[in-house]
Each structure stands twice: as structure tokens, then as C-alpha cells.
$ cat query-v6.pdb   # PDB, C-alpha atoms
ATOM      1  CA  MET A1302      35.086 135.372  67.835
ATOM      2  CA  HIS A1303      35.680 131.721  66.933
ATOM      3  CA  LEU A1304      39.113 130.383  67.829
ATOM      4  CA  ALA A1305      39.782 129.330  64.242
ATOM      5  CA  ARG A1306      39.170 132.902  63.032
ATOM      6  CA  TYR A1307      41.299 134.257  65.861
ATOM      7  CA  GLN A1308      44.188 131.955  64.979
ATOM      8  CA  GLU A1309      43.940 132.897  61.308
ATOM      9  CA  ALA A1310      43.960 136.614  62.158
ATOM     10  CA  ALA A1311      46.810 136.223  64.638
ATOM     11  CA  LEU A1312      48.999 134.529  62.040
ATOM     12  CA  LYS A1313      48.728 137.573  59.785
ATOM     13  CA  THR A1314      50.815 139.485  62.318
ATOM     14  CA  LEU A1315      53.346 136.714  62.832
ATOM     15  CA  GLN A1316      56.822 137.998  61.983
ATOM     16  CA  PRO A1317      59.333 135.723  60.248
ATOM     17  CA  PRO A1318      62.217 134.662  62.504
ATOM     18  CA  ALA A1319      65.793 135.655  61.828
ATOM     19  CA  VAL A1320      67.730 133.374  59.526
ATOM     20  CA  GLY A1321      69.002 130.328  61.378
ATOM     21  CA  THR A1322      66.578 130.781  64.300
ATOM     22  CA  ASP A1323      64.344 127.920  65.363
ATOM     23  CA  PRO A1324      60.861 129.122  64.263
ATOM     24  CA  ILE A1325      59.233 127.496  67.312
ATOM     25  CA  LEU A1326      61.569 129.165  69.812
ATOM     26  CA  ILE A1327      60.242 132.735  69.409
ATOM     27  CA  PRO A1328      56.547 132.006  70.163
ATOM     28  CA  LEU A1329      57.592 129.546  72.884
ATOM     29  CA  LEU A1330      59.730 132.139  74.675
ATOM     30  CA  GLY A1331      57.054 134.758  74.069
ATOM     31  CA  LEU A1332      54.437 132.548  75.772
ATOM     32  CA  ILE A1333      56.730 132.042  78.763
ATOM     33  CA  GLY A1334      57.324 135.789  78.966
ATOM     34  CA  GLU A1335      53.637 136.686  78.849
ATOM     35  CA  ALA A1336      52.780 134.068  81.448
ATOM     36  CA  GLY A1337      55.470 135.668  83.594
ATOM     37  CA  SER A1338      53.844 139.070  83.116
ATOM     38  CA  VAL A1339      50.530 137.759  84.450
ATOM     39  CA  ILE A1340      52.332 136.191  87.424
ATOM     40  CA  THR A1341      54.208 139.447  88.094
ATOM     41  CA  ALA A1342      50.966 141.437  88.130
ATOM     42  CA  TYR A1343      49.504 139.084  90.725
ATOM     43  CA  LYS A1344      52.748 139.064  92.709
ATOM     44  CA  LYS A1345      52.450 142.848  93.130
ATOM     45  CA  ARG A1346      49.001 142.369  94.667
ATOM     46  CA  LEU A1347      50.395 139.824  97.129
ATOM     47  CA  ARG A1348      53.234 142.167  98.029
ATOM     48  CA  ASP A1349      51.436 145.520  98.087
ATOM     49  CA  GLY A1350      47.884 144.552  98.990
ATOM     50  CA  ALA A1351      44.512 144.682  97.267
ATOM     51  CA  GLU A1352      45.021 148.296  96.166
ATOM     52  CA  ALA A1353      47.764 147.052  93.858
ATOM     53  CA  THR A1354      45.357 144.722  92.047
ATOM     54  CA  PRO A1355      46.002 145.004  88.303
ATOM     55  CA  SER A1356      43.141 146.450  86.279
ATOM     56  CA  LYS A1357      40.963 144.297  84.059
ATOM     57  CA  GLN A1358      42.368 146.159  81.093
ATOM     58  CA  GLN A1359      45.920 145.252  82.077
ATOM     59  CA  LEU A1360      45.038 141.613  82.669
ATOM     60  CA  ARG A1361      43.082 141.451  79.423
ATOM     61  CA  GLU A1362      46.119 142.757  77.577
ATOM     62  CA  GLU A1363      48.532 140.318  79.238
ATOM     63  CA  LEU A1364      46.243 137.317  78.724
ATOM     64  CA  GLY A1365      45.593 138.437  75.148
ATOM     65  CA  ASP A1366      49.317 138.474  74.456
ATOM     66  CA  ALA A1367      49.605 134.965  75.904
ATOM     67  CA  LEU A1368      46.730 133.804  73.693
ATOM     68  CA  TRP A1369      48.443 135.282  70.630
ATOM     69  CA  TYR A1370      51.607 133.335  71.359
ATOM     70  CA  ILE A1371      49.584 130.156  71.945
ATOM     71  CA  ALA A1372      47.952 130.616  68.533
ATOM     72  CA  ALA A1373      51.348 131.170  66.904
ATOM     73  CA  LEU A1374      52.939 128.232  68.690
ATOM     74  CA  ALA A1375      50.036 125.968  67.727
ATOM     75  CA  HIS A1376      50.506 126.981  64.090
ATOM     76  CA  LYS A1377      54.213 126.226  64.221
ATOM     77  CA  LEU A1378      53.412 122.800  65.652
ATOM     78  CA  ASP A1379      50.750 122.183  63.002
ATOM     79  CA  LEU A1380      47.940 122.239  65.559
ATOM     80  CA  ASP A1381      44.499 123.802  65.349
ATOM     81  CA  LEU A1382      43.481 126.136  68.193
ATOM     82  CA  GLU A1383      39.849 125.004  68.165
ATOM     83  CA  ASP A1384      40.936 121.365  68.304
ATOM     84  CA  ILE A1385      43.237 122.185  71.232
ATOM     85  CA  ALA A1386      40.360 123.888  73.069
ATOM     86  CA  ALA A1387      37.964 120.988  72.424
ATOM     87  CA  ALA A1388      40.545 118.428  73.630
ATOM     88  CA  SER A1389      41.193 120.524  76.736
ATOM     89  CA  LEU A1390      37.504 120.569  77.647
ATOM     90  CA  GLU A1391      37.248 116.824  77.095
ATOM     91  CA  LYS A1392      40.260 116.249  79.353
ATOM     92  CA  ALA A1393      38.737 118.432  82.072
ATOM     93  CA  LYS A1394      35.424 116.556  81.819
ATOM     94  CA  ASP A1395      37.209 113.201  82.107
ATOM     95  CA  ARG A1396      39.138 114.399  85.152
ATOM     96  CA  TRP A1397      36.495 116.269  87.100
ATOM     97  CA  ARG A1398      33.049 114.993  86.080
ATOM     98  CA  ALA A1399      32.033 111.447  86.965
ATOM     99  CA  THR A1400      30.000 109.536  84.394
ATOM    100  CA  PRO A1401      26.300 110.500  84.804
ATOM    101  CA  ALA A1402      24.033 107.753  86.129
ATOM    102  CA  HIS A1403      22.117 107.454  82.856
ATOM    103  CA  GLU A1404      25.371 106.888  80.938
ATOM    104  CA  ARG A1405      26.870 104.316  83.302
ATOM    105  CA  MET A1406      27.402 100.886  81.793
ATOM    106  CA  ARG A1407      26.567  97.583  83.407
ATOM    107  CA  PHE A1408      29.383  95.387  82.227
ATOM    108  CA  ASP A1409      27.504  92.202  83.103
ATOM    109  CA  GLU A1410      24.067  93.190  81.831
ATOM    110  CA  GLY A1411      22.459  90.324  79.909
ATOM    111  CA  TYR A1412      24.474  87.653  81.729
ATOM    112  CA  PRO A1413      22.864  85.013  83.943
ATOM    113  CA  ALA A1414      21.987  86.400  87.374
ATOM    114  CA  HIS A1415      24.653  84.312  89.129
ATOM    115  CA  GLU A1416      27.313  85.864  86.849
ATOM    116  CA  GLN A1417      26.348  89.439  87.711
ATOM    117  CA  LEU A1418      27.854  91.460  90.522
ATOM    118  CA  PRO A1419      25.140  91.566  93.218
ATOM    119  CA  ARG A1420      23.377  94.906  93.267
ATOM    120  CA  LYS A1421      23.529  94.818  97.063
ATOM    121  CA  THR A1422      25.406  92.470  99.381
ATOM    122  CA  THR A1423      27.439  92.410 102.583
ATOM    123  CA  VAL A1424      31.042  91.237 102.944
ATOM    124  CA  THR A1425      32.571  90.642 106.392
ATOM    125  CA  PHE A1426      36.218  90.976 107.471
ATOM    126  CA  THR A1427      36.986  88.911 110.573
ATOM    127  CA  PRO A1428      40.381  88.872 112.367
ATOM    128  CA  THR A1429      41.195  85.237 113.091
ATOM    129  CA  PRO A1430      44.158  84.008 115.186
ATOM    130  CA  LYS A1431      46.207  81.123 113.775
ATOM    131  CA  PRO A1432      48.128  78.450 115.724
ATOM    132  CA  SER A1433      51.339  80.089 114.549
ATOM    133  CA  GLY A1434      50.408  83.192 116.531
ATOM    134  CA  ARG A1435      49.610  85.300 113.501
ATOM    135  CA  THR A1436      46.236  86.950 113.052
ATOM    136  CA  VAL A1437      44.771  86.768 109.561
ATOM    137  CA  ILE A1438      41.722  88.409 108.055
ATOM    138  CA  VAL A1439      39.065  86.003 106.853
ATOM    139  CA  VAL A1440      36.666  87.504 104.317
ATOM    140  CA  THR A1441      33.208  85.963 104.117
ATOM    141  CA  ARG A1442      30.242  86.462 101.829
ATOM    142  CA  GLU A1443      26.713  87.232 102.943
ATOM    143  CA  ASP A1444      25.861  83.532 103.094
ATOM    144  CA  GLY A1445      28.794  82.901 105.441
ATOM    145  CA  SER A1446      30.993  81.173 102.861
ATOM    146  CA  THR A1447      34.656  82.153 102.644
ATOM    147  CA  ALA A1448      35.691  84.610  99.928
ATOM    148  CA  GLY A1449      39.274  83.924  98.907
ATOM    149  CA  ASP A1450      42.202  82.989 101.106
ATOM    150  CA  PRO A1451      42.885  84.389 104.611
ATOM    151  CA  LEU A1452      44.872  87.598 104.277
ATOM    152  CA  THR A1453      47.913  89.070 105.976
ATOM    153  CA  SER A1454      49.600  92.329 105.062
ATOM    154  CA  ALA A1455      52.510  90.334 103.568
ATOM    155  CA  SER A1456      54.935  92.966 104.791
ATOM    156  CA  HIS A1457      57.677  93.354 107.395
ATOM    157  CA  ILE A1458      55.700  96.328 108.684
ATOM    158  CA  GLU A1459      52.039  95.921 109.626
ATOM    159  CA  ASP A1460      50.231  98.503 107.501
ATOM    160  CA  ASP A1461      46.814  96.780 107.397
ATOM    161  CA  TYR A1462      47.023  95.976 103.720
ATOM    162  CA  ARG A1463      45.281  92.790 104.877
ATOM    163  CA  PHE A1464      42.021  94.780 104.594
ATOM    164  CA  HIS A1465      42.737  95.752 101.000
ATOM    165  CA  ASP A1466      39.816  93.777  99.562
ATOM    166  CA  ALA A1467      37.817  96.850 100.614
ATOM    167  CA  LEU A1468      39.603  98.671  97.803
ATOM    168  CA  HIS A1469      38.379  96.132  95.259
ATOM    169  CA  LEU A1470      34.864  96.437  96.651
ATOM    170  CA  GLY A1471      35.192 100.187  96.151
ATOM    171  CA  HIS A1472      35.985  99.561  92.491
ATOM    172  CA  ALA A1473      32.940  97.327  92.206
ATOM    173  CA  ALA A1474      30.658  99.811  93.963
ATOM    174  CA  VAL A1475      31.550 102.836  91.865
ATOM    175  CA  LEU A1476      32.825 101.417  88.586
ATOM    176  CA  GLY A1477      30.683  98.294  88.404
ATOM    177  CA  TRP A1478      34.010  96.611  87.595
ATOM    178  CA  SER A1479      36.372  94.475  89.644
ATOM    179  CA  PRO A1480      37.777  91.123  88.490
ATOM    180  CA  VAL A1481      38.942  90.494  92.058
ATOM    181  CA  THR A1482      35.466  91.077  93.482
ATOM    182  CA  ARG A1483      34.000  88.765  90.830
ATOM    183  CA  PHE A1484      36.420  86.092  92.012
ATOM    184  CA  LEU A1485      35.659  86.718  95.686
ATOM    185  CA  LEU A1486      31.886  86.676  95.174
ATOM    186  CA  ASN A1487      32.016  83.806  92.685
ATOM    187  CA  CYS A1488      30.305  85.673  89.855
ATOM    188  CA  LYS A1489      32.797  85.372  87.026
ATOM    189  CA  ARG A1490      31.210  85.440  83.560
ATOM    190  CA  ARG A1491      31.975  81.843  82.650
ATOM    191  CA  SER A1492      29.124  81.560  80.155
ATOM    192  CA  ARG A1493      31.272  83.540  77.704
ATOM    193  CA  PRO A1494      34.753  81.992  77.770
ATOM    194  CA  GLY A1495      36.365  84.908  75.928
ATOM    195  CA  ILE A1496      35.074  87.432  78.449
ATOM    196  CA  ASP A1497      35.881  85.126  81.361
ATOM    197  CA  GLU A1498      39.474  84.859  80.173
ATOM    198  CA  ALA A1499      40.145  88.432  79.052
ATOM    199  CA  GLU A1500      38.058  90.458  81.517
ATOM    200  CA  ASP A1501      37.681  88.220  84.584
ATOM    201  CA  GLY A1502      40.777  86.027  84.308
ATOM    202  CA  GLY A1503      44.236  85.983  85.823
ATOM    203  CA  ARG A1504      45.702  88.893  83.879
ATOM    204  CA  ALA A1505      42.804  91.231  84.677
ATOM    205  CA  ILE A1506      42.975  90.178  88.334
ATOM    206  CA  ALA A1507      46.730  90.835  88.385
ATOM    207  CA  ILE A1508      46.182  94.285  86.857
ATOM    208  CA  GLU A1509      43.599  95.209  89.473
ATOM    209  CA  GLU A1510      45.853  93.913  92.249
ATOM    210  CA  GLY A1511      48.660  96.000  90.741
ATOM    211  CA  ILE A1512      46.428  99.081  90.795
ATOM    212  CA  SER A1513      45.545  98.328  94.415
ATOM    213  CA  ALA A1514      49.210  98.081  95.421
ATOM    214  CA  LEU A1515      50.161 101.177  93.411
ATOM    215  CA  VAL A1516      47.432 103.331  94.925
ATOM    216  CA  PHE A1517      48.159 101.963  98.429
ATOM    217  CA  SER A1518      51.772 103.054  98.102
ATOM    218  CA  TYR A1519      50.561 106.521  97.051
ATOM    219  CA  ALA A1520      47.944 106.593  99.822
ATOM    220  CA  SER A1521      50.496 105.689 102.498
ATOM    221  CA  ARG A1522      52.304 108.933 101.648
ATOM    222  CA  HIS A1523      49.069 110.947 101.766
ATOM    223  CA  ARG A1524      47.575 109.902 105.133
ATOM    224  CA  TYR A1525      45.451 107.258 103.397
ATOM    225  CA  PHE A1526      43.216 110.067 102.111
ATOM    226  CA  GLU A1527      42.026 110.858 105.633
ATOM    227  CA  ASP A1528      41.567 114.525 104.762
ATOM    228  CA  ILE A1529      42.341 114.468 101.038
ATOM    229  CA  ARG A1530      39.702 114.286  98.326
ATOM    230  CA  HIS A1531      41.780 114.250  95.164
ATOM    231  CA  VAL A1532      44.690 112.236  93.776
ATOM    232  CA  ASP A1533      47.368 113.318  91.335
ATOM    233  CA  HIS A1534      46.346 113.280  87.699
ATOM    234  CA  GLU A1535      49.476 111.298  86.839
ATOM    235  CA  LEU A1536      48.322 108.420  89.062
ATOM    236  CA  LEU A1537      44.948 108.323  87.317
ATOM    237  CA  MET A1538      46.645 108.354  83.926
ATOM    238  CA  THR A1539      48.814 105.408  84.976
ATOM    239  CA  ILE A1540      45.652 103.499  85.905
ATOM    240  CA  ASP A1541      44.160 104.465  82.540
ATOM    241  CA  HIS A1542      47.203 103.024  80.752
ATOM    242  CA  MET A1543      47.099  99.847  82.840
ATOM    243  CA  THR A1544      43.444  99.226  81.948
ATOM    244  CA  ALA A1545      43.570 100.430  78.344
ATOM    245  CA  HIS A1546      42.579  97.020  76.925
ATOM    246  CA  LEU A1547      39.869  96.285  79.492
ATOM    247  CA  GLU A1548      36.162  97.121  79.468
ATOM    248  CA  VAL A1549      36.526  99.575  82.351
ATOM    249  CA  ASN A1550      38.548 101.883  80.101
ATOM    250  CA  VAL A1551      35.311 103.504  78.882
ATOM    251  CA  LEU A1552      34.940 105.168  82.302
ATOM    252  CA  ARG A1553      36.493 108.466  83.302
ATOM    253  CA  ALA A1554      39.376 109.440  85.546
ATOM    254  CA  ALA A1555      36.796 111.086  87.820
ATOM    255  CA  ASP A1556      35.082 107.703  88.233
ATOM    256  CA  TRP A1557      38.365 106.119  89.293
ATOM    257  CA  GLU A1558      39.019 108.880  91.797
ATOM    258  CA  LYS A1559      35.562 108.364  93.303
ATOM    259  CA  ALA A1560      36.147 104.594  93.448
ATOM    260  CA  ILE A1561      39.490 105.101  95.185
ATOM    261  CA  MET A1562      38.022 107.454  97.772
ATOM    262  CA  THR A1563      35.065 105.124  98.369
ATOM    263  CA  GLY A1564      37.336 102.125  98.902
ATOM    264  CA  TYR A1565      39.663 103.983 101.255
ATOM    265  CA  GLY A1566      36.784 105.378 103.295
ATOM    266  CA  ALA A1567      35.740 101.775 103.993
ATOM    267  CA  TRP A1568      39.350 100.595 104.477
ATOM    268  CA  ARG A1569      40.011 103.232 107.140
ATOM    269  CA  GLN A1570      36.944 102.080 109.083
ATOM    270  CA  LEU A1571      38.021  98.436 108.920
ATOM    271  CA  ARG A1572      41.474  99.442 110.083
ATOM    272  CA  LYS A1573      40.100 101.543 112.936
ATOM    273  CA  HIS A1574      37.794  98.813 114.238
ATOM    274  CA  GLY A1575      40.021  95.845 113.430
ATOM    275  CA  GLY A1576      37.385  94.349 111.154
ATOM    276  CA  GLY A1577      33.688  94.618 110.440
ATOM    277  CA  SER A1578      31.311  94.353 107.512
ATOM    278  CA  LEU A1579      30.888  96.367 104.337
ATOM    279  CA  GLU A1580      27.578  96.735 102.558
ATOM    280  CA  LEU A1581      28.082  97.008  98.805
ATOM    281  CA  ASP A1582      25.374  98.897  96.900
ATOM    282  CA  LEU A1583      26.019  99.156  93.172
ATOM    283  CA  ASP A1584      22.923 101.227  92.420
ATOM    284  CA  ALA A1585      23.823 103.867  95.005
ATOM    285  CA  GLN A1586      27.575 103.493  94.280
ATOM    286  CA  THR A1587      28.275 103.185  98.002
ATOM    287  CA  LEU A1588      30.315 100.976 100.310
ATOM    288  CA  THR A1589      28.991 101.346 103.853
ATOM    289  CA  PHE A1590      30.837 100.208 106.969
ATOM    290  CA  ILE A1591      28.931  98.221 109.595
ATOM    291  CA  GLU A1592      30.619  97.906 112.986
ATOM    292  CA  PRO A1593      31.457  94.373 114.142
TER     293      PRO A1593
END

$ encode --input "query-v6.pdb" --output "C-alpha cells"
Amino acid sequence: MHLARYQEAALKTLQPPAVGTDPILIPLLGLIGEAGSVITAYKKRLRDGAEATPSKQQLREELGDALWYIAALAHKLDLDLEDIAAASLEKAKDRWRATPAHERMRFDEGYPAHEQLPRKTTVTFTPTPKPSGRTVIVVTREDGSTAGDPLTSASHIEDDYRFHDALHLGHAAVLGWSPVTRFLLNCKRRSRPGIDEAEDGGRAIAIEEGISALVFSYASRHRYFEDIRHVDHELLMTIDHMTAHLEVNVLRAADWEKAIMTGYGAWRQLRKHGGGSLELDLDAQTLTFIEP
């Protein structure tokens, strides 16, 4: 049965609420009650063992009642059940399925070669003592030239944020996007001033740095993803909102999660060894650590 036909049939059995009653409240409370019935059935199995497993018929009835209330509630909210189902599938695809290789965009395709992110390159992180007694991280490109300023963790507590350019390289490797990496590798798209300003300029760089700091704060509370493979959906949605006006917004939440995990895998290795090199491979979407 199509969901539209189901919703239409379900509404024929919808009873009018009592006078003065909020018409949304009855199906809303009914949905909560039926969800509770499903939970109660499973609770009995946990308490009494597998022999107390509810029958398929019982579960079908409980889930059917919940579906009826969902159809009624959707009607009261002027929503279409088929549209709800389609949007739910799209949300799940965005969250759990990375963009297939044949659908991935190259944001700098058609630009001069020197304005494209290198398909493969190596970036080195070298701890360097300063006369002041501090040790900074100097990041160098494959040709030995310096990429950006020497980095400290800029914190009262040493948390090795000084290696955080690995996180930007993770974005570049998986997303094919990173204004910070474009700056570090000197491949900003200057031939198109509008793109250079809006996509590779100061605001875009600040947004990516903000994402880096936001995710680092989250990661510090989750063992820097040492044994974690997923991040909260709310964090990914915040990133989506932050990048809503940028070209990278066409990619999925699953792509961002993969980029985050890729960057932190490399960051943990740099932290463990106190430096080293990272090989960036855009075609393979990898960021490989090379011991110093």
C-alpha cells in the first residue's frame, strides 16, 4: 500500500476531538502511548528473557497503531506522509552515505594547474625550538618552502592543537575543499577574483578555522576519536549551517564525518610522534602519516 493511500484511509477513522480540545494533542499523545507500548514489549524481553519475546503479530499491531497516529498527526500539521518518508530517506542518505566517487565534484576543475589543489603531495610538520624556549611547529611544503606561520597551541594547556593543520588537510583529502589548505599550499584561485574572495578568502578561511576549533573542542571530550567512528548529528548540522553559502555545501554530512575522522587519524599520529609528514592523496581521499 502506498503511504498516501494509507494516510487517506487512516483519516477516515479519525474521530473529532472534544470541544475545546487541541486537535493536535490527541494524536500526539496517542503516538507517545503507542511508542511506549513497543518499548514495554521489549522491556519484558529484557526482564524475563528470550521466551518473553513479543510475537510478530503483537509488534505488528503496536507499530501499526503508531503508524496510524503518525498519519493523523501529519494530517493535523498539514504534512503529507509520503513527503515525510521521502525526506526521511534523504536525511538518512546525507548522514550515512558518502558521496559516490562518480558524483564527487572537483571545485577547482578548469582552473590553471597552479590554482588546483595538488592531487598528491607531502606536507611536513617539524618541531622547532625558539630562542624564547618555546617549541613551535613549522609546516613545510614538498619543495621545502614554509607553509604559513610557525604554530603553537595558543593555549594555557598544551593540547597539541599546534598540529591542527592536519585537520585542514583532512578536509582537502576527503572533501576536495579547504580554504586554509589552499592558502598553505599557495593554490588560491586568483584567476577568478569573485571565487578568490568568496570561496578562498578571509571569511571562508575563518569559517574553516572555526569548524576546526569547534570539532577539536568536541574531539577533546571524545578521546580525539581514538576508538570512535561517528560524531553527533547536531555537530554535523552546525557545520552545514556554517558552510551554507560556500561551495562545499553540496556535499553530505557523511562526507564531513569521513573528513573529520581522516584528519584526526593523521593528527593523532603527529601528536604521538611529535611531528612527521603527511601524504595527501585527493584521488584516494587519504591522508597518510609518514614517520619522521

$ closest_residue --input "query-v6.pdb" --among "A:Ser1456, A:Ala1342, A:Gly1576, A:Ser1389" --to "Ile1438 in chain A" --atoms "only C-alpha atoms"
A:Gly1576

$ residues_near_point --input "query-v6.pdb" --point "(30.4, 108.2, 83.3)" --cutoff "12 Å" --atoms "only C-alpha atoms" --output "list in words"
Lys1394, Asp1395, Arg1396, Trp1397, Arg1398, Ala1399, Thr1400, Pro1401, Ala1402, His1403, Glu1404, Arg1405, Met1406, Arg1407, Val1475, Leu1476, Gly1477, Val1549, Asn1550, Val1551, Leu1552, Arg1553, Ala1554, Ala1555, Asp1556, Trp1557 and Lys1559 of chain A

$ write_last_selection --input "query-v6.pdb" --atoms "C-alpha atoms" --output "PDB file, in the frame of the given file"
ATOM      1  CA  LYS A1394      35.424 116.556  81.819  1.00  0.00           C
ATOM      2  CA  ASP A1395      37.209 113.201  82.107  1.00  0.00           C
ATOM      3  CA  ARG A1396      39.138 114.399  85.152  1.00  0.00           C
ATOM      4  CA  TRP A1397      36.495 116.269  87.100  1.00  0.00           C
ATOM      5  CA  ARG A1398      33.049 114.993  86.080  1.00  0.00           C
ATOM      6  CA  ALA A1399      32.033 111.447  86.965  1.00  0.00           C
ATOM      7  CA  THR A1400      30.000 109.536  84.394  1.00  0.00           C
ATOM      8  CA  PRO A1401      26.300 110.500  84.804  1.00  0.00           C
ATOM      9  CA  ALA A1402      24.033 107.753  86.129  1.00  0.00           C
ATOM     10  CA  HIS A1403      22.117 107.454  82.856  1.00  0.00           C
ATOM     11  CA  GLU A1404      25.371 106.888  80.938  1.00  0.00           C
ATOM     12  CA  ARG A1405      26.870 104.316  83.302  1.00  0.00           C
ATOM     13  CA  MET A1406      27.402 100.886  81.793  1.00  0.00           C
ATOM     14  CA  ARG A1407      26.567  97.583  83.407  1.00  0.00           C
ATOM     15  CA  VAL A1475      31.550 102.836  91.865  1.00  0.00           C
ATOM     16  CA  LEU A1476      32.825 101.417  88.586  1.00  0.00           C
ATOM     17  CA  GLY A1477      30.683  98.294  88.404  1.00  0.00           C
ATOM     18  CA  VAL A1549      36.526  99.575  82.351  1.00  0.00           C
ATOM     19  CA  ASN A1550      38.548 101.883  80.101  1.00  0.00           C
ATOM     20  CA  VAL A1551      35.311 103.504  78.882  1.00  0.00           C
ATOM     21  CA  LEU A1552      34.940 105.168  82.302  1.00  0.00           C
ATOM     22  CA  ARG A1553      36.493 108.466  83.302  1.00  0.00           C
ATOM     23  CA  ALA A1554      39.376 109.440  85.546  1.00  0.00           C
ATOM     24  CA  ALA A1555      36.796 111.086  87.820  1.00  0.00           C
ATOM     25  CA  ASP A1556      35.082 107.703  88.233  1.00  0.00           C
ATOM     26  CA  TRP A1557      38.365 106.119  89.293  1.00  0.00           C
ATOM     27  CA  LYS A1559      35.562 108.364  93.303  1.00  0.00           C
TER      28      LYS A1559
END

$ resolve_selection --input "query-v6.pdb" --expression "the PyMOL selection byres ((chain A and resi 1517-1528) around 8)" --output "list of chain:residue names"
A:Ser1513, A:Ala1514, A:Leu1515, A:Val1516, A:Ile1529, A:Arg1530, A:Met1562, A:Tyr1565, A:Gly1566, A:Arg1569

$ resolve_selection --input "query-v6.pdb" --expression "the PyMOL selection byres ((chain A and resi 1470) around 8)" --output "list of chain:residue names"
A:Asp1466, A:Ala1467, A:Leu1468, A:His1469, A:Gly1471, A:His1472, A:Ala1473, A:Ala1474, A:Ser1479, A:Thr1482, A:Gly1564, A:Leu1581, A:Leu1588

$ write_last_selection --input "query-v6.pdb" --atoms "C-alpha atoms" --output "compact mmCIF listing (two decimals), keeping the file's coordinate frame"
# COMPACT_ATOMS: atom_id res chain seq x y z
CA ASP A 1466 39.82 93.78 99.56
CA ALA A 1467 37.82 96.85 100.61
CA LEU A 1468 39.60 98.67 97.80
CA HIS A 1469 38.38 96.13 95.26
CA GLY A 1471 35.19 100.19 96.15
CA HIS A 1472 35.98 99.56 92.49
CA ALA A 1473 32.94 97.33 92.21
CA ALA A 1474 30.66 99.81 93.96
CA SER A 1479 36.37 94.48 89.64
CA THR A 1482 35.47 91.08 93.48
CA GLY A 1564 37.34 102.12 98.90
CA LEU A 1581 28.08 97.01 98.80
CA LEU A 1588 30.32 100.98 100.31

$ atom_distance --input "query-v6.pdb" --atom1 "CA of Ser1356 in chain A" --atom2 "CA of Ala1305 in chain A"
28.1 Å

$ atom_distance --input "query-v6.pdb" --atom1 "CA of Pro1328 in chain A" --atom2 "CA of Gln1359 in chain A"
20.7 Å

$ atom_distance --input "query-v6.pdb" --atom1 "CA of Ala1311 in chain A" --atom2 "CA of Trp1369 in chain A"
6.3 Å

$ resolve_selection --input "query-v6.pdb" --expression "the PyMOL selection byres ((chain A and resi 1441-1448) around 8)" --output "list in words"
Thr1422, Thr1423, Val1424, Thr1425, Phe1426, Val1439, Val1440, Gly1449, Asp1450, Leu1485 and Leu1486 of chain A

$ residues_around --input "query-v6.pdb" --residues "range 1491-1498 of chain A" --least-positions-apart "3" --cutoff "9 Å" --atoms "all atoms listed in the file" --output "PyMOL selection string"
chain A and resi 1412-1413+1416+1488+1501-1505

$ closest_residue --input "query-v6.pdb" --among "A:Thr1354, A:Ser1338, A:Thr1544, A:Gln1417" --to "Lys1489 in chain A" --atoms "all atoms listed in the file"
A:Gln1417

$ closest_residue --input "query-v6.pdb" --among "A:Ala1319, A:Ile1333, A:Ile1325, A:Ile1506" --to "Asp1379 in chain A" --atoms "all atoms listed in the file"
A:Ile1325

$ closest_residue --input "query-v6.pdb" --among "A:Glu1548, A:Met1538, A:Val1339, A:Thr1427" --to "Ser1578 in chain A" --atoms "all atoms listed in the file"
A:Thr1427

$ closest_residue --input "query-v6.pdb" --among "A:Glu1391, A:Glu1352, A:Glu1509, A:Glu1410" --to "Met1543 in chain A" --atoms "all atoms listed in the file"
A:Glu1509

$ closest_residue --input "query-v6.pdb" --among "A:Gly1411, A:Gly1434, A:Pro1428, A:Gly1337" --to "Pro1451 in chain A" --atoms "all atoms listed in the file"
A:Pro1428

$ residues_around --input "query-v6.pdb" --residues "Gln1308 in chain A" --least-positions-apart "4" --cutoff "10 Å" --atoms "all atoms listed in the file" --output "VMD selection string"
chain A and resid 1303 to 1304 1312 to 1313 1368 to 1373 1375 to 1376 1381 to 1383

$ build_atoms --input "query-v6.pdb" --residues "range 1583-1593 of chain A" --atoms "N, CA, C and O atoms" --output "JSON list (two decimals), keeping the file's coordinate frame"
[["chain", "number", "residue", "atom", "x", "y", "z"],
["A", 1583, "LEU", "N", 25.60, 98.71, 94.49],
["A", 1583, "LEU", "CA", 26.02, 99.16, 93.17],
["A", 1583, "LEU", "C", 25.12, 100.26, 92.63],
["A", 1583, "LEU", "O", 25.60, 101.14, 91.91],
["A", 1584, "ASP", "N", 23.84, 100.21, 92.94],
["A", 1584, "ASP", "CA", 22.92, 101.23, 92.42],
["A", 1584, "ASP", "C", 23.20, 102.59, 93.04],
["A", 1584, "ASP", "O", 23.13, 103.61, 92.36],
["A", 1585, "ALA", "N", 23.52, 102.60, 94.32],
["A", 1585, "ALA", "CA", 23.82, 103.87, 95.00],
["A", 1585, "ALA", "C", 25.30, 104.23, 94.90],
["A", 1585, "ALA", "O", 25.69, 105.33, 95.29],
["A", 1586, "GLN", "N", 26.13, 103.31, 94.38],
["A", 1586, "GLN", "CA", 27.58, 103.49, 94.28],
["A", 1586, "GLN", "C", 28.19, 103.77, 95.66],
["A", 1586, "GLN", "O", 29.02, 104.65, 95.82],
["A", 1587, "THR", "N", 27.78, 102.98, 96.64],
["A", 1587, "THR", "CA", 28.28, 103.18, 98.00],
["A", 1587, "THR", "C", 28.86, 101.90, 98.57],
["A", 1587, "THR", "O", 28.52, 100.80, 98.14],
["A", 1588, "LEU", "N", 29.73, 102.08, 99.56],
["A", 1588, "LEU", "CA", 30.32, 100.98, 100.31],
["A", 1588, "LEU", "C", 30.27, 101.40, 101.77],
["A", 1588, "LEU", "O", 31.07, 102.22, 102.22],
["A", 1589, "THR", "N", 29.29, 100.87, 102.51],
["A", 1589, "THR", "CA", 28.99, 101.35, 103.85],
["A", 1589, "THR", "C", 29.55, 100.41, 104.92],
["A", 1589, "THR", "O", 29.35, 99.20, 104.85],
["A", 1590, "PHE", "N", 30.25, 101.00, 105.89],
["A", 1590, "PHE", "CA", 30.84, 100.21, 106.97],
["A", 1590, "PHE", "C", 29.79, 99.90, 108.03],
["A", 1590, "PHE", "O", 29.00, 100.76, 108.43],
["A", 1591, "ILE", "N", 29.80, 98.65, 108.51],
["A", 1591, "ILE", "CA", 28.93, 98.22, 109.60],
["A", 1591, "ILE", "C", 29.83, 97.70, 110.70],
["A", 1591, "ILE", "O", 30.63, 96.79, 110.49],
["A", 1592, "GLU", "N", 29.73, 98.29, 111.89],
["A", 1592, "GLU", "CA", 30.62, 97.91, 112.99],
["A", 1592, "GLU", "C", 30.45, 96.44, 113.36],
["A", 1592, "GLU", "O", 29.34, 95.90, 113.31],
["A", 1593, "PRO", "N", 31.54, 95.77, 113.75],
["A", 1593, "PRO", "CA", 31.46, 94.37, 114.14],
["A", 1593, "PRO", "C", 30.69, 94.20, 115.44],
["A", 1593, "PRO", "O", 30.64, 95.12, 116.24]]
